[in-house]
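The next block is entry.txt, given as compact mmCIF, C-alpha atoms.
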# COMPACT_ATOMS: atom_id res chain seq x y z
CA MET A 1 0.00 0.00 0.00
CA GLY A 2 1.59 3.28 -1.10
CA ILE A 3 2.00 6.22 1.25
CA PRO A 4 -0.53 8.95 0.35
CA SER A 5 0.20 12.65 0.38
CA TRP A 6 -0.92 14.61 3.44
CA ASP A 7 -3.92 15.97 1.52
CA ASP A 8 -5.05 12.42 0.69
CA ILE A 9 -4.98 11.03 4.24
CA VAL A 10 -8.53 12.30 4.81
CA LEU A 11 -10.89 12.72 1.88
CA ILE A 12 -14.51 13.85 2.08
CA GLU A 13 -16.80 13.31 -0.89
CA HIS A 14 -20.29 14.81 -0.82
CA GLY A 15 -23.40 13.14 -2.21
CA LYS A 16 -24.61 14.27 -5.60
CA ASN A 17 -28.16 14.84 -4.40
CA SER A 18 -29.58 16.52 -1.32
CA GLY A 19 -29.94 14.10 1.58
CA GLU A 20 -27.36 11.63 0.28
CA PRO A 21 -24.54 10.73 2.71
CA SER A 22 -21.12 12.28 2.49
CA VAL A 23 -18.29 9.74 2.35
CA VAL A 24 -15.34 10.17 4.73
CA LYS A 25 -12.24 8.20 3.74
CA VAL A 26 -9.24 7.89 6.04
CA ASN A 27 -6.04 6.27 4.73
CA CYS A 28 -3.18 6.46 7.24
CA PRO A 29 -0.87 4.53 9.58
CA ASP A 30 -2.78 2.54 12.17
CA LYS A 31 -2.73 3.09 15.91
CA ALA A 32 -4.59 1.64 18.86
CA GLY A 33 -8.04 3.17 19.20
CA LEU A 34 -7.94 5.16 15.95
CA GLY A 35 -11.49 4.13 14.97
CA CYS A 36 -12.76 5.29 18.36
CA ASP A 37 -10.99 8.63 18.02
CA LEU A 38 -12.38 9.24 14.52
CA THR A 39 -15.98 8.31 15.36
CA ARG A 40 -15.77 10.46 18.48
CA ILE A 41 -14.94 13.50 16.32
CA ILE A 42 -17.76 12.63 13.92
CA LEU A 43 -20.19 12.41 16.84
CA GLU A 44 -18.88 15.72 18.17
CA PHE A 45 -19.77 17.40 14.85
CA GLY A 46 -23.35 16.09 15.06
CA LEU A 47 -22.93 13.55 12.26
CA TYR A 48 -24.62 10.13 12.08
CA VAL A 49 -22.82 7.14 10.54
CA THR A 50 -25.15 5.36 8.09
CA ARG A 51 -22.63 2.62 7.28
CA GLY A 52 -18.92 1.95 7.43
CA ASP A 53 -15.94 -0.23 6.47
CA PHE A 54 -12.72 -0.78 8.43
CA SER A 55 -9.58 -2.55 7.21
CA THR A 56 -6.04 -2.74 8.62
CA ASP A 57 -2.96 -4.94 8.42
CA GLY A 58 -1.78 -3.71 11.81
CA LYS A 59 0.44 -1.02 10.34
CA TRP A 60 -1.78 0.78 7.85
CA CYS A 61 -5.53 1.26 7.93
CA TYR A 62 -8.26 2.27 5.53
CA ILE A 63 -11.57 3.50 6.99
CA VAL A 64 -14.66 4.58 5.05
CA LEU A 65 -17.66 6.12 6.82
CA TRP A 66 -20.89 7.31 5.22
CA VAL A 67 -22.26 10.19 7.30
CA VAL A 68 -25.23 12.56 7.36
CA PRO A 69 -26.02 15.52 9.66
CA ARG A 70 -28.55 14.87 12.43
CA PRO A 71 -30.79 16.86 12.26
CA SER A 72 -30.57 17.36 8.50
CA SER A 73 -30.71 21.15 9.00
CA LEU A 74 -27.42 21.09 10.95
CA LYS A 75 -24.69 23.08 9.22
CA ILE A 76 -21.35 21.24 9.05
CA ASP A 77 -17.98 22.94 8.60
CA TRP A 78 -16.51 20.19 6.43
CA GLU A 79 -13.07 21.77 6.17
CA SER A 80 -12.88 21.99 9.94
CA LEU A 81 -14.03 18.37 10.23
CA LYS A 82 -11.29 17.30 7.83
CA SER A 83 -8.72 19.20 9.87
CA ARG A 84 -9.89 17.58 13.11
CA LEU A 85 -9.82 14.09 11.58
CA LEU A 86 -6.32 14.75 10.25
CA SER A 87 -5.19 15.74 13.74
CA ALA A 88 -6.28 12.32 15.03
CA CYS A 89 -4.32 10.43 12.36
CA PRO A 90 -0.77 9.35 13.08
CA SER A 91 1.89 10.99 10.96
CA CYS A 92 3.44 8.86 8.21
CA LEU A 93 6.84 9.90 9.54
CA ILE A 94 6.42 7.96 12.79
CA LEU A 95 5.09 4.76 11.23
CA SER A 96 8.11 2.75 12.43
CA TYR A 97 7.19 3.37 16.07
CA PHE A 98 3.67 1.95 15.99
CA ASN A 99 4.56 -1.58 16.99
CA GLN A 100 6.16 -0.27 20.18
CA GLN A 101 3.99 2.66 21.19
CA SER A 102 1.07 4.81 20.26
CA SER A 103 1.52 8.49 19.53
CA CYS A 104 0.90 10.74 22.51
CA SER A 105 -0.07 14.36 22.41
CA PRO A 106 -0.13 16.79 25.31
CA PRO A 107 -3.55 17.52 26.80
CA PRO A 108 -5.23 20.62 25.32
CA GLN A 109 -5.11 23.85 27.27
CA VAL A 110 -8.20 24.64 29.30
CA TYR A 111 -9.78 28.11 29.17
CA LEU A 112 -12.34 29.73 31.44
CA LEU A 113 -15.30 31.45 29.80
CA LYS A 114 -17.31 33.69 32.16
CA VAL A 115 -20.73 34.77 30.90
CA PHE A 116 -22.83 37.10 33.08
CA CYS A 117 -26.30 37.87 31.76
CA LEU A 118 -29.99 38.27 32.46
CA ASP A 119 -31.85 34.98 32.75
CA ARG A 120 -34.34 33.69 30.17
CA LYS A 121 -35.70 30.34 29.00
CA GLY A 122 -33.30 28.32 26.85
CA LEU A 123 -30.34 30.56 27.67
CA LEU A 124 -27.98 27.76 28.66
CA HIS A 125 -28.71 25.73 25.54
CA ASP A 126 -28.22 28.75 23.26
CA VAL A 127 -24.76 29.35 24.74
CA THR A 128 -23.93 25.63 24.52
CA LYS A 129 -25.07 25.49 20.89
CA LEU A 130 -22.79 28.37 19.96
CA LEU A 131 -19.83 26.76 21.72
CA CYS A 132 -20.43 23.57 19.72
CA GLU A 133 -20.61 25.55 16.48
CA LEU A 134 -17.30 27.21 17.36
CA GLU A 135 -15.76 23.76 18.13
CA LEU A 136 -15.29 24.60 21.79
CA SER A 137 -15.74 21.56 24.02
CA ILE A 138 -17.11 21.95 27.55
CA GLN A 139 -14.96 20.11 30.09
CA LYS A 140 -16.63 21.46 33.20
CA VAL A 141 -19.37 23.98 33.94
CA LYS A 142 -20.81 25.91 36.87
CA VAL A 143 -24.12 27.68 36.32
CA MET A 144 -25.56 29.85 39.07
CA THR A 145 -28.78 31.88 39.13
CA THR A 146 -28.92 34.94 41.40
CA PRO A 147 -32.04 36.06 43.32
CA ASP A 148 -32.37 39.15 41.09
CA GLY A 149 -32.81 37.12 37.88
CA LYS A 150 -29.22 37.13 36.61
CA VAL A 151 -27.07 34.15 35.65
CA LEU A 152 -23.33 33.57 35.98
CA ASP A 153 -22.10 30.79 33.68
CA LEU A 154 -18.56 29.46 34.13
CA PHE A 155 -17.48 27.21 31.26
CA PHE A 156 -14.12 25.44 31.34
CA ILE A 157 -13.51 24.73 27.66
CA THR A 158 -10.95 23.37 25.22
CA ASP A 159 -10.58 24.38 21.59
CA GLY A 160 -10.86 21.78 18.83
CA MET A 161 -9.10 24.24 16.52
CA ASP A 162 -6.37 24.92 19.11
CA LEU A 163 -6.53 28.68 18.53
CA LEU A 164 -7.81 30.10 21.83
CA HIS A 165 -4.31 31.22 22.70
CA THR A 166 -4.78 33.94 20.07
CA GLN A 167 -6.54 37.18 20.91
CA GLU A 168 -8.44 37.03 17.60
CA ARG A 169 -10.07 33.68 18.47
CA ARG A 170 -10.99 34.84 21.99
CA ASN A 171 -12.46 38.11 20.70
CA LYS A 172 -14.44 36.25 18.03
CA THR A 173 -15.90 33.89 20.64
CA CYS A 174 -17.05 36.73 22.90
CA LYS A 175 -18.41 38.68 19.92
CA HIS A 176 -20.53 35.72 18.78
CA LEU A 177 -21.83 35.22 22.32
CA GLY A 178 -22.81 38.88 22.46
CA LEU A 179 -24.75 38.51 19.20
CA VAL A 180 -26.57 35.37 20.42
CA LEU A 181 -27.48 36.81 23.83
CA GLY A 182 -28.22 40.33 22.61
CA ASP A 183 -29.41 42.74 25.30
CA TYR A 184 -29.42 39.92 27.87
CA CYS A 185 -25.59 39.87 27.89
CA ILE A 186 -23.98 41.93 30.68
CA SER A 187 -20.36 40.80 30.32
CA CYS A 188 -18.26 38.08 28.69
CA GLU A 189 -14.66 37.19 29.59
CA LEU A 190 -12.38 34.46 28.25
CA GLU A 191 -8.99 33.61 29.72
CA LEU A 192 -6.63 30.72 30.38
CA ALA A 193 -7.92 28.64 33.29
CA GLY A 194 -6.02 28.99 36.54
CA PRO A 195 -4.51 26.29 38.75
CA GLU A 196 -7.90 25.71 40.42
CA TYR A 197 -8.87 23.67 37.35
CA VAL A 198 -5.69 22.46 35.65
CA GLY A 199 -4.79 18.95 36.75
CA GLN A 200 -7.83 18.76 39.02
CA GLN A 201 -11.26 17.21 38.62
CA ASP A 202 -14.22 17.60 40.95
CA PHE A 203 -15.76 14.33 42.09
CA SER A 204 -19.46 14.15 42.78
CA SER A 205 -20.89 13.50 46.23
CA LEU A 206 -23.84 11.32 45.30
CA SER A 207 -25.78 9.51 48.00
CA PRO A 208 -25.40 5.69 47.93
CA GLU A 209 -29.06 5.32 46.91
CA VAL A 210 -28.75 7.74 43.96
CA ALA A 211 -25.42 6.19 42.88
CA GLU A 212 -26.95 2.71 42.95
CA ASP A 213 -29.90 3.87 40.87
CA LEU A 214 -27.70 5.70 38.37
CA PHE A 215 -24.86 3.21 37.92
CA SER A 216 -26.56 -0.13 38.38
CA CYS A 217 -26.17 -2.40 35.36
CA LYS A 218 -29.84 -3.38 35.45
CA LEU A 219 -32.65 -1.02 34.62
CA SER A 220 -34.53 0.09 37.71
CA HIS A 221 -38.14 -1.03 37.91
CA LYS A 222 -38.82 0.70 41.22
CA ASP A 223 -40.25 3.96 39.99
CA ALA A 224 -41.63 5.30 36.76
CA CYS A 225 -39.50 8.41 37.26
CA SER A 226 -36.27 6.46 37.56
CA GLN A 227 -34.54 5.37 34.34
CA VAL A 228 -37.77 5.02 32.37
CA VAL A 229 -38.03 1.84 30.27
CA THR A 230 -39.38 2.85 26.86
CA SER A 231 -40.23 0.50 24.03
CA LYS A 232 -36.92 1.46 22.44
CA VAL A 233 -34.99 0.37 25.54
CA ALA A 234 -36.92 -2.89 25.62
CA ARG A 235 -35.77 -3.58 22.05
CA VAL A 236 -32.13 -3.06 23.03
CA ASN A 237 -32.54 -5.96 25.47
CA LYS A 238 -32.87 -8.17 22.39
CA ALA A 239 -29.38 -7.29 21.12
CA MET A 240 -27.57 -10.36 19.86
CA ILE A 241 -23.81 -11.03 19.66
CA THR A 242 -22.45 -14.16 17.98
CA VAL A 243 -18.81 -15.18 18.53
CA ASP A 244 -17.15 -17.26 15.78
CA ASN A 245 -13.56 -18.55 16.02
CA VAL A 246 -13.89 -21.00 13.09
CA LEU A 247 -14.33 -18.76 10.04
CA SER A 248 -10.96 -16.99 10.31
CA PRO A 249 -7.65 -18.62 11.32
CA ALA A 250 -6.29 -15.42 12.85
CA HIS A 251 -9.31 -13.42 14.05
CA THR A 252 -12.44 -13.75 16.12
CA LEU A 253 -15.58 -12.79 14.23
CA LEU A 254 -18.22 -10.86 16.15
CA GLN A 255 -21.63 -10.58 14.52
CA ILE A 256 -23.72 -7.92 16.25
CA GLN A 257 -27.37 -7.06 15.78
CA CYS A 258 -28.88 -4.33 17.93
CA THR A 259 -31.16 -1.32 17.95
CA ASP A 260 -29.66 1.68 16.21
CA GLN A 261 -29.05 4.79 18.29
CA LYS A 262 -26.93 7.93 18.38
CA GLY A 263 -23.26 7.21 19.00
CA LEU A 264 -23.63 3.42 18.71
CA ILE A 265 -20.51 2.96 16.56
CA TYR A 266 -18.50 5.19 18.89
CA ASP A 267 -19.67 3.24 21.95
CA ILE A 268 -18.62 -0.10 20.46
CA LEU A 269 -15.23 1.19 19.30
CA ARG A 270 -14.70 2.91 22.66
CA THR A 271 -15.27 -0.43 24.37
CA PHE A 272 -12.72 -2.11 22.09
CA LYS A 273 -10.19 0.66 22.72
CA ASP A 274 -10.53 0.41 26.50
CA LEU A 275 -10.26 -3.41 26.35
CA ASP A 276 -7.19 -3.17 24.06
CA ILE A 277 -8.91 -5.02 21.21
CA GLN A 278 -8.24 -4.20 17.58
CA ILE A 279 -10.50 -4.50 14.51
CA ALA A 280 -8.69 -6.02 11.54
CA TYR A 281 -11.72 -5.82 9.28
CA GLY A 282 -15.22 -4.57 9.92
CA ARG A 283 -18.41 -3.87 8.02
CA ILE A 284 -21.25 -1.79 9.46
CA SER A 285 -24.44 -2.27 7.46
CA PRO A 286 -27.13 0.39 7.01
CA THR A 287 -30.01 0.39 9.45
CA ALA A 288 -32.87 -1.95 8.58
CA LYS A 289 -36.18 -1.59 10.45
CA GLY A 290 -34.40 0.25 13.25
CA TYR A 291 -31.73 -2.40 13.70
CA ARG A 292 -28.01 -2.34 12.97
CA ASN A 293 -25.92 -5.33 11.78
CA MET A 294 -22.14 -5.44 12.14
CA ASP A 295 -19.49 -8.00 11.20
CA LEU A 296 -16.22 -7.33 13.03
CA PHE A 297 -13.04 -9.42 12.77
CA ILE A 298 -11.10 -8.68 15.93
CA GLN A 299 -8.03 -9.77 17.88
CA LYS A 300 -6.24 -8.81 21.06
CA ARG A 301 -3.30 -6.44 20.99
CA ASP A 302 -0.90 -9.40 21.05
CA GLY A 303 -2.47 -10.72 17.84
CA LYS A 304 -4.38 -13.57 19.48
CA LYS A 305 -8.05 -14.49 19.17
CA ILE A 306 -10.62 -14.08 21.92
CA VAL A 307 -10.73 -17.67 23.19
CA GLY A 308 -12.21 -19.32 26.26
CA ASP A 309 -15.77 -19.08 27.44
CA GLU A 310 -14.92 -16.67 30.25
CA SER A 311 -13.17 -14.16 27.96
CA GLN A 312 -15.92 -14.33 25.35
CA VAL A 313 -18.71 -13.91 27.90
CA ALA A 314 -16.89 -10.94 29.49
CA LEU A 315 -16.46 -9.24 26.10
CA CYS A 316 -20.10 -9.77 25.11
CA SER A 317 -21.22 -8.51 28.53
CA HIS A 318 -19.16 -5.32 28.13
CA LEU A 319 -20.55 -4.70 24.66
CA LYS A 320 -24.16 -5.33 25.65
CA GLU A 321 -23.83 -3.00 28.62
CA GLU A 322 -22.60 -0.22 26.34
CA MET A 323 -25.43 -0.84 23.85
CA LEU A 324 -28.02 -0.99 26.64
CA HIS A 325 -26.63 1.69 28.97
CA PRO A 326 -24.37 4.14 27.08
CA LEU A 327 -26.01 6.89 29.13
CA ARG A 328 -27.85 6.88 32.44
CA VAL A 329 -30.67 9.33 33.23
CA THR A 330 -32.60 9.75 36.45
CA ILE A 331 -34.43 12.38 38.51
CA THR A 332 -34.15 12.64 42.27
CA SER A 333 -34.92 15.05 45.07
CA ARG A 334 -32.07 17.10 46.47
CA GLY A 335 -33.48 18.58 49.64
CA PRO A 336 -36.43 20.74 48.54
CA ASP A 337 -35.13 20.84 44.95
CA THR A 338 -35.49 18.51 41.98
CA GLU A 339 -32.29 17.33 40.32
CA LEU A 340 -31.82 15.74 36.92
CA LEU A 341 -28.73 13.54 36.68
CA VAL A 342 -27.14 12.24 33.48
CA ALA A 343 -24.04 10.03 33.46
CA ASN A 344 -21.83 8.52 30.78
CA PRO A 345 -18.65 6.42 30.97
CA VAL A 346 -15.30 8.15 30.59
CA GLU A 347 -12.73 6.67 28.22
CA LEU A 348 -9.55 5.35 29.84
CA SER A 349 -7.85 8.28 28.09
CA GLY A 350 -9.95 10.60 30.30
CA LYS A 351 -12.27 11.87 27.55
CA GLY A 352 -16.00 12.15 28.16
CA ARG A 353 -18.78 11.72 25.64
CA PRO A 354 -19.37 14.56 23.11
CA ARG A 355 -22.54 16.69 22.98
CA VAL A 356 -24.17 15.38 26.18
CA PHE A 357 -24.56 18.85 27.70
CA TYR A 358 -25.87 20.10 24.34
CA ASP A 359 -28.51 17.36 24.08
CA VAL A 360 -29.72 17.66 27.68
CA THR A 361 -30.10 21.44 27.55
CA PHE A 362 -31.88 21.12 24.18
CA ALA A 363 -34.35 18.58 25.59
CA LEU A 364 -35.10 20.79 28.59
CA LYS A 365 -35.50 23.84 26.37
CA THR A 366 -38.05 22.04 24.16
CA LEU A 367 -40.00 21.13 27.30
CA GLY A 368 -39.92 24.75 28.48
CA ILE A 369 -38.06 23.84 31.69
CA CYS A 370 -35.60 26.36 33.14
CA ILE A 371 -32.32 25.31 34.73
CA PHE A 372 -31.50 26.93 38.07
CA SER A 373 -27.95 25.54 38.27
CA ALA A 374 -25.78 23.01 36.44
CA GLU A 375 -22.49 21.24 37.09
CA ILE A 376 -20.28 18.59 35.50
CA ASP A 377 -18.46 16.27 37.91
CA ARG A 378 -16.70 12.92 37.85
CA HIS A 379 -17.72 9.83 39.79
CA SER A 380 -15.70 6.65 40.31
CA THR A 381 -17.24 3.20 40.70
CA SER A 382 -15.37 -0.04 41.29
CA ASP A 383 -14.51 -0.58 37.63
CA ARG A 384 -14.65 2.77 35.84
CA GLN A 385 -14.98 6.53 35.96
CA TRP A 386 -18.13 8.41 34.96
CA GLU A 387 -18.91 11.93 33.85
CA VAL A 388 -21.95 13.18 35.80
CA TYR A 389 -24.11 16.10 34.67
CA ARG A 390 -26.25 17.62 37.43
CA PHE A 391 -29.12 20.02 36.74
CA LEU A 392 -31.29 21.66 39.38
CA LEU A 393 -34.62 22.32 37.68
CA GLU A 394 -37.05 25.17 38.25
CA GLU A 395 -40.75 24.54 38.80
CA SER A 396 -43.09 25.33 35.91
CA ARG A 397 -46.83 25.11 35.37
CA GLY A 398 -46.45 22.59 32.56
CA PHE A 399 -44.18 20.33 34.61
CA PRO A 400 -44.92 20.26 38.34
CA LEU A 401 -41.73 18.53 39.41
CA ALA A 402 -43.35 16.72 42.33
CA SER A 403 -45.49 14.79 39.83
CA GLN A 404 -44.28 11.30 38.92
CA GLN A 405 -45.79 11.68 35.47
CA ALA A 406 -43.94 14.95 34.81
CA ARG A 407 -40.67 13.44 36.02
CA SER A 408 -41.15 10.41 33.78
CA GLU A 409 -41.81 12.65 30.78
CA ILE A 410 -38.67 14.68 31.47
CA VAL A 411 -36.49 11.56 31.76
CA GLU A 412 -37.96 10.05 28.61
CA ARG A 413 -37.46 13.23 26.57
CA VAL A 414 -33.86 13.65 27.78
CA LYS A 415 -33.02 9.98 27.17
CA GLY A 416 -34.68 10.05 23.75
CA THR A 417 -32.71 13.14 22.72
CA LEU A 418 -29.42 11.64 23.92
CA MET A 419 -30.06 8.38 22.08
CA GLY A 420 -31.37 10.01 18.91
CA TRP A 421 -34.84 8.43 19.16
Please express what this file holds, its structure, as structure tokens.
Amino acid sequence: MGIPSWDDIVLIEHGKNSGEPSVVKVNCPDKAGLGCDLTRIILEFGLYVTRGDFSTDGKWCYIVLWVVPRPSSLKIDWESLKSRLLSACPSCLILSYFNQQSSCSPPPQVYLLKVFCLDRKGLLHDVTKLLCELELSIQKVKVMTTPDGKVLDLFFITDGMDLLHTQERRNKTCKHLGLVLGDYCISCELELAGPEYVGQQDFSSLSPEVAEDLFSCKLSHKDACSQVVTSKVARVNKAMITVDNVLSPAHTLLQIQCTDQKGLIYDILRTFKDLDIQIAYGRISPTAKGYRNMDLFIQKRDGKKIVGDESQVALCSHLKEEMLHPLRVTITSRGPDTELLVANPVELSGKGRPRVFYDVTFALKTLGICIFSAEIDRHSTSDRQWEVYRFLLEESRGFPLASQQARSEIVERVKGTLMGW
């Protein structure tokens, strides 16, 4: 396989007709977890993978993904997407090192965005939407509402374009925020985050009962308001994984059939990355009647198959948990207040899931529910770390938060938005 020029490492071809998928082709040296990193970026841009092909010989890989915006009205900066995908690809110049180590890059710098403004419905989502459009990722947030109807939003953000160190990029960000907020904006400041954030993560102080409800592997059947079981979730329970060690002499074949949902490909590849499992060849078929079929030829990092009943059962269990529970949503009482909690697993690399804050604030905005305060924390269980989003909700006539029915509707809308249902 010849070495392509830098411009040919990532190619994006657009469909001839409106609504047709764009085709993303990546042709570069391989590295552990590359598929996960690429699909994470695609998810971050709000794109949905309709089908895909993966192929690698362990040194060089070729990946083709057919993608469409979700929703279809979403505007995509394709040049920026190409640049981000290129940044995730190993350089051809360091190909000789890949059998010994994966390429490491320093963590991105964290900046503090302070937005002080008058409160209004949907404010938090409008700010979050703009940050996504500007390719600014929220790492941590503190949202506080004052008694006189003002809001102080503290966003700790990183820049996908790696340009926030320039005054031009910082001024542009504040200018766009001013245009979005209009007369509601009182002040906007953007600076490098201080030592109170860098190298430090806040860990949540959840009660044992709430933690059990949120992180339990099994869906809770105790309350209608707690992790609501919709018909879609019931269908995920029927996910099937077949393990075949006969067809290929060098690889284990996994045949997966499951309900399609937002971020499904990313969740599966994230699981493989964290378990140090590589895909030699994979085919992701288009959705048929709401279901997804995948054929994945895999092996462990040492080049061996997945053998033994215990290893195979453990792998299938991990995958089914990620297909069934990629995100956890529940509502609980926090003293006199009502709190919405959303949790997602954190990659071993420390990265959380893209667009969770965006989706939750969008769901609440569509329901007409105001957010009194919001935070992003981390929570550790016995086997993994979680990113926990906490929202204190304000009472409204349409959704009396003491009502079980209202709570169930909120959870179902938030979960449906997160899963793309």
List every residue of segment 327-350 of chain A that has an atom at most 12 Å from any atom of segment 29-35 of chain A, giving for each one its closest atom pair and the distance in Å to one decimal, counting all atoms listed in the file, sorted by chain and then by ascending residue number, as a Markdown table.
| residue | atom | partner | partner_atom | distance |
| --- | --- | --- | --- | --- |
| A:Glu347 | CA | A:Gly33 | CA | 10.8 |
| A:Leu348 | CA | A:Gly33 | CA | 11.0 |
| A:Ser349 | CA | A:Gly33 | CA | 10.3 |
Looking at only C-alpha atoms, which of A:Thr252, A:Gln278, A:Ser333, A:Thr259 is the one that sits closest to Gln312 of chain A?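 Of the candidates, the smallest distance to Gln312 of chain A is held by A:Thr252.
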Of the listed residues A:Glu209, A:Glu375, A:Asp383, A:Asp57, that which approaches Phe155 of chain A most closely, counting only C-alpha atoms: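 Result for the nearest residue to Phe155 of chain A: A:Glu375.
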Interatomic distance between atom CA of Glu339 of chain A and atom CA of Ser205 of chain A?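 Separation of atom CA of Glu339 of chain A and atom CA of Ser205 of chain A: 13.4 Å.
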Each residue of segment 365-385 of chain A lying at most 10 Å from segment 399-420 of chain A should get a row with its shortest atom-to-atom pair and the distance in Å to one decimal, counting all atoms listed in the file; could you produce that, ordered by chain and increasing number, as a tab-separated table?
residue	atom	partner	partner_atom	distance
A:Thr366	CA	A:Arg413	CA	9.2
A:Leu367	CA	A:Ile410	CA	7.8
A:Gly368	CA	A:Phe399	CA	8.7
A:Ile369	CA	A:Phe399	CA	7.6
Pick out the closest residue to Thr146 of chain A from this set: A:Tyr62, A:Leu131, A:Leu324, A:Phe116. Count all atoms listed in the file.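 The answer is A:Phe116, which sits nearest to Thr146 of chain A.
The residue that comes closest to Tyr184 of chain A, out of A:Val210, A:Val243, A:Leu65, A:Val115 and on the basis of only C-alpha atoms, is A:Val115.
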Length of the atom CA of His14 of chain A to atom CA of Thr39 of chain A vector [Å]: 18.0 Å
Which of A:Pro195, A:Arg334, A:Gln257, A:Asp213 sits closest to Pro286 of chain A [using all atoms listed in the file]: A:Gln257
Pick from A:Tyr111, A:Glu20, A:Leu190, A:Val68 nearest to Glu168 of chain A, counting only C-alpha atoms: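 Comparing A:Tyr111, A:Glu20, A:Leu190, A:Val68 against Glu168 of chain A, the winner is A:Leu190.
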Residues at most 10 Å from Asp302 of chain A, counting all atoms listed in the file, excluding those fewer than 2 positions away in the same chain, as JSON, numbers by chain? {"A": [276, 277, 278, 299, 300, 304, 305]}
In Å, rounded to a single decimal, give me how far atom CA of Val388 of chain A is from atom CA of Leu206 of chain A.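 A separation of 9.9 Å between them.
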Could you give me segment 116-121 of chain A completed to all heavy atoms, formatted as a PDB file, in the coordinates of the input?
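The resulting file, part-v3.pdb, is shown below:
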ATOM      1  N   PHE A 116     -21.907  36.525  32.095  1.00  0.00           N
ATOM      2  CA  PHE A 116     -22.830  37.100  33.080  1.00  0.00           C
ATOM      3  C   PHE A 116     -23.956  37.764  32.310  1.00  0.00           C
ATOM      4  O   PHE A 116     -23.714  38.630  31.462  1.00  0.00           O
ATOM      5  CB  PHE A 116     -22.095  38.103  33.968  1.00  0.00           C
ATOM      6  CG  PHE A 116     -22.919  38.609  35.122  1.00  0.00           C
ATOM      7  CD1 PHE A 116     -23.624  37.747  35.947  1.00  0.00           C
ATOM      8  CD2 PHE A 116     -22.985  39.968  35.388  1.00  0.00           C
ATOM      9  CE1 PHE A 116     -24.373  38.204  37.006  1.00  0.00           C
ATOM     10  CE2 PHE A 116     -23.724  40.454  36.459  1.00  0.00           C
ATOM     11  CZ  PHE A 116     -24.421  39.557  37.266  1.00  0.00           C
ATOM     12  N   CYS A 117     -25.203  37.348  32.566  1.00  0.00           N
ATOM     13  CA  CYS A 117     -26.300  37.870  31.760  1.00  0.00           C
ATOM     14  C   CYS A 117     -27.626  37.769  32.509  1.00  0.00           C
ATOM     15  O   CYS A 117     -27.717  37.139  33.567  1.00  0.00           O
ATOM     16  CB  CYS A 117     -26.392  37.113  30.437  1.00  0.00           C
ATOM     17  SG  CYS A 117     -26.545  35.336  30.634  1.00  0.00           S
ATOM     18  N   LEU A 118     -28.634  38.396  31.940  1.00  0.00           N
ATOM     19  CA  LEU A 118     -29.990  38.270  32.460  1.00  0.00           C
ATOM     20  C   LEU A 118     -30.535  36.889  32.098  1.00  0.00           C
ATOM     21  O   LEU A 118     -30.241  36.351  31.036  1.00  0.00           O
ATOM     22  CB  LEU A 118     -30.879  39.361  31.862  1.00  0.00           C
ATOM     23  CG  LEU A 118     -30.463  40.812  32.142  1.00  0.00           C
ATOM     24  CD1 LEU A 118     -31.369  41.777  31.372  1.00  0.00           C
ATOM     25  CD2 LEU A 118     -30.495  41.116  33.626  1.00  0.00           C
ATOM     26  N   ASP A 119     -31.344  36.334  32.970  1.00  0.00           N
ATOM     27  CA  ASP A 119     -31.850  34.980  32.750  1.00  0.00           C
ATOM     28  C   ASP A 119     -33.028  35.000  31.767  1.00  0.00           C
ATOM     29  O   ASP A 119     -33.770  35.983  31.684  1.00  0.00           O
ATOM     30  CB  ASP A 119     -32.290  34.367  34.080  1.00  0.00           C
ATOM     31  CG  ASP A 119     -32.436  32.862  33.985  1.00  0.00           C
ATOM     32  OD1 ASP A 119     -32.006  32.288  32.966  1.00  0.00           O
ATOM     33  OD2 ASP A 119     -32.968  32.256  34.936  1.00  0.00           O
ATOM     34  N   ARG A 120     -33.176  33.914  31.037  1.00  0.00           N
ATOM     35  CA  ARG A 120     -34.340  33.690  30.170  1.00  0.00           C
ATOM     36  C   ARG A 120     -34.386  32.201  29.836  1.00  0.00           C
ATOM     37  O   ARG A 120     -33.401  31.478  29.988  1.00  0.00           O
ATOM     38  CB  ARG A 120     -34.264  34.509  28.890  1.00  0.00           C
ATOM     39  CG  ARG A 120     -33.114  34.175  27.964  1.00  0.00           C
ATOM     40  CD  ARG A 120     -33.309  34.829  26.604  1.00  0.00           C
ATOM     41  NE  ARG A 120     -32.144  34.739  25.748  1.00  0.00           N
ATOM     42  CZ  ARG A 120     -31.837  33.661  25.016  1.00  0.00           C
ATOM     43  NH1 ARG A 120     -32.586  32.578  25.097  1.00  0.00           N
ATOM     44  NH2 ARG A 120     -30.765  33.657  24.240  1.00  0.00           N
ATOM     45  N   LYS A 121     -35.548  31.738  29.358  1.00  0.00           N
ATOM     46  CA  LYS A 121     -35.700  30.340  29.000  1.00  0.00           C
ATOM     47  C   LYS A 121     -34.787  29.972  27.828  1.00  0.00           C
ATOM     48  O   LYS A 121     -34.664  30.715  26.862  1.00  0.00           O
ATOM     49  CB  LYS A 121     -37.154  30.026  28.617  1.00  0.00           C
ATOM     50  CG  LYS A 121     -38.099  29.915  29.803  1.00  0.00           C
ATOM     51  CD  LYS A 121     -39.473  29.448  29.353  1.00  0.00           C
ATOM     52  CE  LYS A 121     -40.399  29.290  30.558  1.00  0.00           C
ATOM     53  NZ  LYS A 121     -41.749  28.808  30.143  1.00  0.00           N
TER      54      LYS A 121
END
